[in-house]
2 protein chains.
Amino acid sequence: MSFGQTFKALSDPVRREILTLLKTGRMSAGEIGSHFDMTGATISYHLSILKKADLVHESKYKNFIYYELNTSVVEELMAWLSDLKG
Amino acid sequence: MSFGQTFKALSDPVRREILTLLKTGRMSAGEIGSHFDMTGATISYHLSILKKADLVHESKYKNFIYYELNTSVVEELMAWLSDLKG
DNA sequence: AAAGTATTTAGAAATATTTCTAAATAGATA
DNA sequence: TATCTATTTAGAAATATTTCTAAATACTTT
């Protein structure tokens, strides 16, 4: 994990909203996309950024790919910020 | 304050290092710049991003401009992350 | 007032990001 | 097997970011 990658992932409003959606539980890529006025390809791009930042995990079932929050990275970020505060 | 702006400010390694430097206390723009292998103009650019994100405050004294951490925004960020964890 | 020091602003070049359309892949169903 | 559905990948266009050099601003000291 790199803080730069993680903060960059969080800097985009679409990606923050995706994470907020995932607070309620896992969701398929298509279901996530239905909340936005963008193509599936664009949503897929954003999910790949969140995945690289390790902010989400994916699991496959039938034809679908489900995404879910990975909160452990969020904790590392909070620890960094907490240390910054001193 | 906007979370997007703040996370974007934190996504750059130079800016995170500037903030880390400021943990020890206020520092002038030139003093900050001396820690990096970049022109003063570039450091000034990064400081302006941190300022817009409200992550630092500036104060002038004599010929110098001093920068210092603003931790209140850091707290807001932590609150957002904490809420994300649920 | 003139010259010096600290910092920012402007403009340009290189690189990165975000979005789209079209095509590819992978799995499910008829 | 053929086709349909869900999702990703590739490639391109528009925009944003990061860095530099050169010039401008602002304050201090001589």
# chains A, B, ... in the order shown; residues from 1 in each chain; ligands from 1
$ calpha_fit_and_write --fixed "chain B" --moving "chain A" --output "CSV table (one decimal) with C-alpha atoms, in the first residue's frame"
chain,number,residue,atom,x,y,z
A,1,MET,CA,-13.3,23.0,2.7
A,2,SER,CA,-13.8,20.2,0.2
A,3,PHE,CA,-12.7,16.6,0.8
A,4,GLY,CA,-11.7,16.3,-2.8
A,5,GLN,CA,-9.3,19.2,-2.6
A,6,THR,CA,-7.9,18.0,0.7
A,7,PHE,CA,-7.3,14.4,-0.4
A,8,LYS,CA,-5.8,15.6,-3.6
A,9,ALA,CA,-3.5,17.9,-1.6
A,10,LEU,CA,-2.4,14.8,0.4
A,11,SER,CA,-1.9,12.6,-2.6
A,12,ASP,CA,1.4,14.2,-3.5
A,13,PRO,CA,4.6,13.0,-1.8
A,14,VAL,CA,6.2,16.4,-1.7
A,15,ARG,CA,3.2,17.9,0.0
A,16,ARG,CA,3.0,15.1,2.5
A,17,GLU,CA,6.6,15.7,3.3
A,18,ILE,CA,6.1,19.4,3.7
A,19,LEU,CA,3.3,18.7,6.2
A,20,THR,CA,5.6,16.2,8.1
A,21,LEU,CA,8.3,18.9,8.3
A,22,LEU,CA,5.7,21.3,9.7
A,23,LYS,CA,4.9,18.9,12.6
A,24,THR,CA,7.9,20.3,14.4
A,25,GLY,CA,6.6,23.9,14.1
A,26,ARG,CA,6.3,26.8,11.7
A,27,MET,CA,8.9,27.2,8.9
A,28,SER,CA,9.5,29.8,6.2
A,29,ALA,CA,9.0,28.9,2.5
A,30,GLY,CA,12.7,29.0,1.9
A,31,GLU,CA,13.5,26.8,4.8
A,32,ILE,CA,10.9,24.3,3.6
A,33,GLY,CA,12.3,24.5,0.1
A,34,SER,CA,15.9,23.7,1.3
A,35,HIS,CA,14.7,20.2,2.2
A,36,PHE,CA,13.8,19.4,-1.5
A,37,ASP,CA,15.7,19.3,-4.8
A,38,MET,CA,13.3,21.6,-6.5
A,39,THR,CA,13.0,25.2,-7.4
A,40,GLY,CA,11.4,27.7,-5.0
A,41,ALA,CA,8.7,28.3,-7.6
A,42,THR,CA,7.7,24.6,-7.4
A,43,ILE,CA,7.7,24.7,-3.6
A,44,SER,CA,5.6,27.8,-3.8
A,45,TYR,CA,3.1,26.0,-6.0
A,46,HIS,CA,2.8,23.1,-3.6
A,47,LEU,CA,2.4,25.5,-0.7
A,48,SER,CA,-0.5,27.2,-2.5
A,49,ILE,CA,-2.2,23.8,-3.0
A,50,LEU,CA,-1.8,23.1,0.8
A,51,LYS,CA,-3.1,26.6,1.5
A,52,LYS,CA,-6.2,26.2,-0.7
A,53,ALA,CA,-6.9,22.9,1.0
A,54,ASP,CA,-6.6,24.7,4.3
A,55,LEU,CA,-4.0,22.3,5.5
A,56,VAL,CA,-1.6,25.1,6.3
A,57,HIS,CA,-1.8,28.7,7.5
A,58,GLU,CA,0.7,31.4,6.6
A,59,SER,CA,1.9,34.4,8.5
A,60,LYS,CA,4.3,37.1,7.4
A,61,TYR,CA,7.2,38.5,9.4
A,62,LYS,CA,9.9,40.8,7.9
A,63,ASN,CA,10.9,39.4,4.6
A,64,PHE,CA,9.6,35.9,5.3
A,65,ILE,CA,6.4,34.0,5.0
A,66,TYR,CA,6.0,31.3,7.6
A,67,TYR,CA,3.8,28.3,7.2
A,68,GLU,CA,2.3,26.1,9.9
A,69,LEU,CA,0.1,23.1,10.0
A,70,ASN,CA,-3.7,23.5,10.4
A,71,THR,CA,-4.8,20.4,12.2
A,72,SER,CA,-8.5,21.1,12.3
A,73,VAL,CA,-8.9,20.0,8.7
A,74,VAL,CA,-7.0,16.8,9.5
A,75,GLU,CA,-9.6,16.1,12.1
A,76,GLU,CA,-12.5,16.5,9.6
A,77,LEU,CA,-10.8,14.1,7.3
A,78,MET,CA,-10.4,11.6,10.1
A,79,ALA,CA,-14.1,12.0,10.9
A,80,TRP,CA,-15.0,11.2,7.3
A,81,LEU,CA,-12.8,8.1,7.3
A,82,SER,CA,-14.1,7.0,10.6
A,83,ASP,CA,-17.7,7.3,9.3
A,84,LEU,CA,-16.7,5.3,6.2
A,85,LYS,CA,-15.5,2.4,8.5
A,86,GLY,CA,-19.0,2.6,10.0
$ closest_atom_pairs --of "chain D" --to "chain A" --cutoff "10 Å" --atoms "only C-alpha atoms (C1' of nucleotides)" --output "tab-separated table"
residue	atom	partner	partner_atom	distance
D:DT5	C1'	A:Asn63	CA	7.6
D:DA6	C1'	A:Asn63	CA	6.0
D:DT7	C1'	A:Ala29	CA	7.4
D:DT8	C1'	A:Ser44	CA	6.9
D:DT9	C1'	A:Ala41	CA	9.0
$ select_by_dssp --residues "chain A" --states "alpha helix (DSSP H)" --output "PyMOL selection string"
chain A and resi 3-10+13-22+29-33+40-52+71-85
$ write_last_selection --atoms "C-alpha atoms" --output "mmCIF file, in the first residue's frame"
data_model
loop_
_atom_site.group_PDB
_atom_site.id
_atom_site.type_symbol
_atom_site.label_atom_id
_atom_site.label_comp_id
_atom_site.auth_asym_id
_atom_site.auth_seq_id
_atom_site.Cartn_x
_atom_site.Cartn_y
_atom_site.Cartn_z
ATOM 1 C CA PHE A 3 -0.359 6.578 0.959
ATOM 2 C CA GLY A 4 -0.049 8.518 -2.270
ATOM 3 C CA GLN A 5 -2.079 5.968 -4.175
ATOM 4 C CA THR A 6 -4.680 5.781 -1.437
ATOM 5 C CA PHE A 7 -5.114 9.535 -1.033
ATOM 6 C CA LYS A 8 -5.259 9.922 -4.817
ATOM 7 C CA ALA A 9 -7.973 7.274 -4.965
ATOM 8 C CA LEU A 10 -9.933 9.220 -2.344
ATOM 9 C CA PRO A 13 -15.785 12.417 -5.886
ATOM 10 C CA VAL A 14 -17.061 9.440 -7.883
ATOM 11 C CA ARG A 15 -14.744 7.105 -6.029
ATOM 12 C CA ARG A 16 -15.678 8.537 -2.636
ATOM 13 C CA GLU A 17 -19.330 8.020 -3.508
ATOM 14 C CA ILE A 18 -18.635 4.433 -4.553
ATOM 15 C CA LEU A 19 -17.036 3.803 -1.168
ATOM 16 C CA THR A 20 -20.006 5.404 0.572
ATOM 17 C CA LEU A 21 -22.350 3.102 -1.363
ATOM 18 C CA LEU A 22 -20.317 0.114 -0.242
ATOM 19 C CA ALA A 29 -20.139 -3.448 -10.621
ATOM 20 C CA GLY A 30 -23.380 -2.937 -12.547
ATOM 21 C CA GLU A 31 -25.333 -2.054 -9.424
ATOM 22 C CA ILE A 32 -22.669 0.497 -8.493
ATOM 23 C CA GLY A 33 -22.747 1.926 -12.001
ATOM 24 C CA GLY A 40 -19.826 1.035 -17.267
ATOM 25 C CA ALA A 41 -16.320 1.382 -18.672
ATOM 26 C CA THR A 42 -15.742 4.521 -16.640
ATOM 27 C CA ILE A 43 -17.053 2.886 -13.473
ATOM 28 C CA SER A 44 -14.790 -0.064 -14.159
ATOM 29 C CA TYR A 45 -11.860 2.348 -14.412
ATOM 30 C CA HIS A 46 -12.712 3.899 -11.036
ATOM 31 C CA LEU A 47 -13.113 0.475 -9.446
ATOM 32 C CA SER A 48 -9.680 -0.507 -10.724
ATOM 33 C CA ILE A 49 -8.188 2.554 -9.021
ATOM 34 C CA LEU A 50 -9.919 1.683 -5.750
ATOM 35 C CA LYS A 51 -8.729 -1.900 -6.107
ATOM 36 C CA LYS A 52 -5.114 -0.854 -6.706
ATOM 37 C CA THR A 71 -11.543 -0.967 5.997
ATOM 38 C CA SER A 72 -8.033 -1.972 7.076
ATOM 39 C CA VAL A 73 -6.439 0.529 4.692
ATOM 40 C CA VAL A 74 -8.769 3.210 6.022
ATOM 41 C CA GLU A 75 -7.344 2.539 9.469
ATOM 42 C CA GLU A 76 -3.768 2.967 8.230
ATOM 43 C CA LEU A 77 -4.731 6.301 6.722
ATOM 44 C CA MET A 78 -6.286 7.428 9.975
ATOM 45 C CA ALA A 79 -3.129 6.418 11.816
ATOM 46 C CA TRP A 80 -1.036 8.552 9.437
ATOM 47 C CA LEU A 81 -3.331 11.531 9.923
ATOM 48 C CA SER A 82 -3.359 11.025 13.665
ATOM 49 C CA ASP A 83 0.436 11.031 13.706
ATOM 50 C CA LEU A 84 0.428 14.232 11.666
ATOM 51 C CA LYS A 85 -1.653 15.916 14.324
#
$ select_by_dssp --residues "chain A" --states "strand (DSSP E)" --output "VMD selection string"
chain A and resid 27 to 28 56 to 61 64 to 69
$ interface_residues --of "chain C" --to "chain B" --cutoff "10 Å" --atoms "only C-alpha atoms (C1' of nucleotides)" --output "NGL selection string"
:C and (5-9)
$ atom_distance --atom1 "C1' of DG11 (chain C)" --atom2 "C1' of DT19 (chain D)"
12.3 Å
$ atom_distance --atom1 "C1' of DT3 (chain D)" --atom2 "C1' of DA28 (chain C)"
10.2 Å
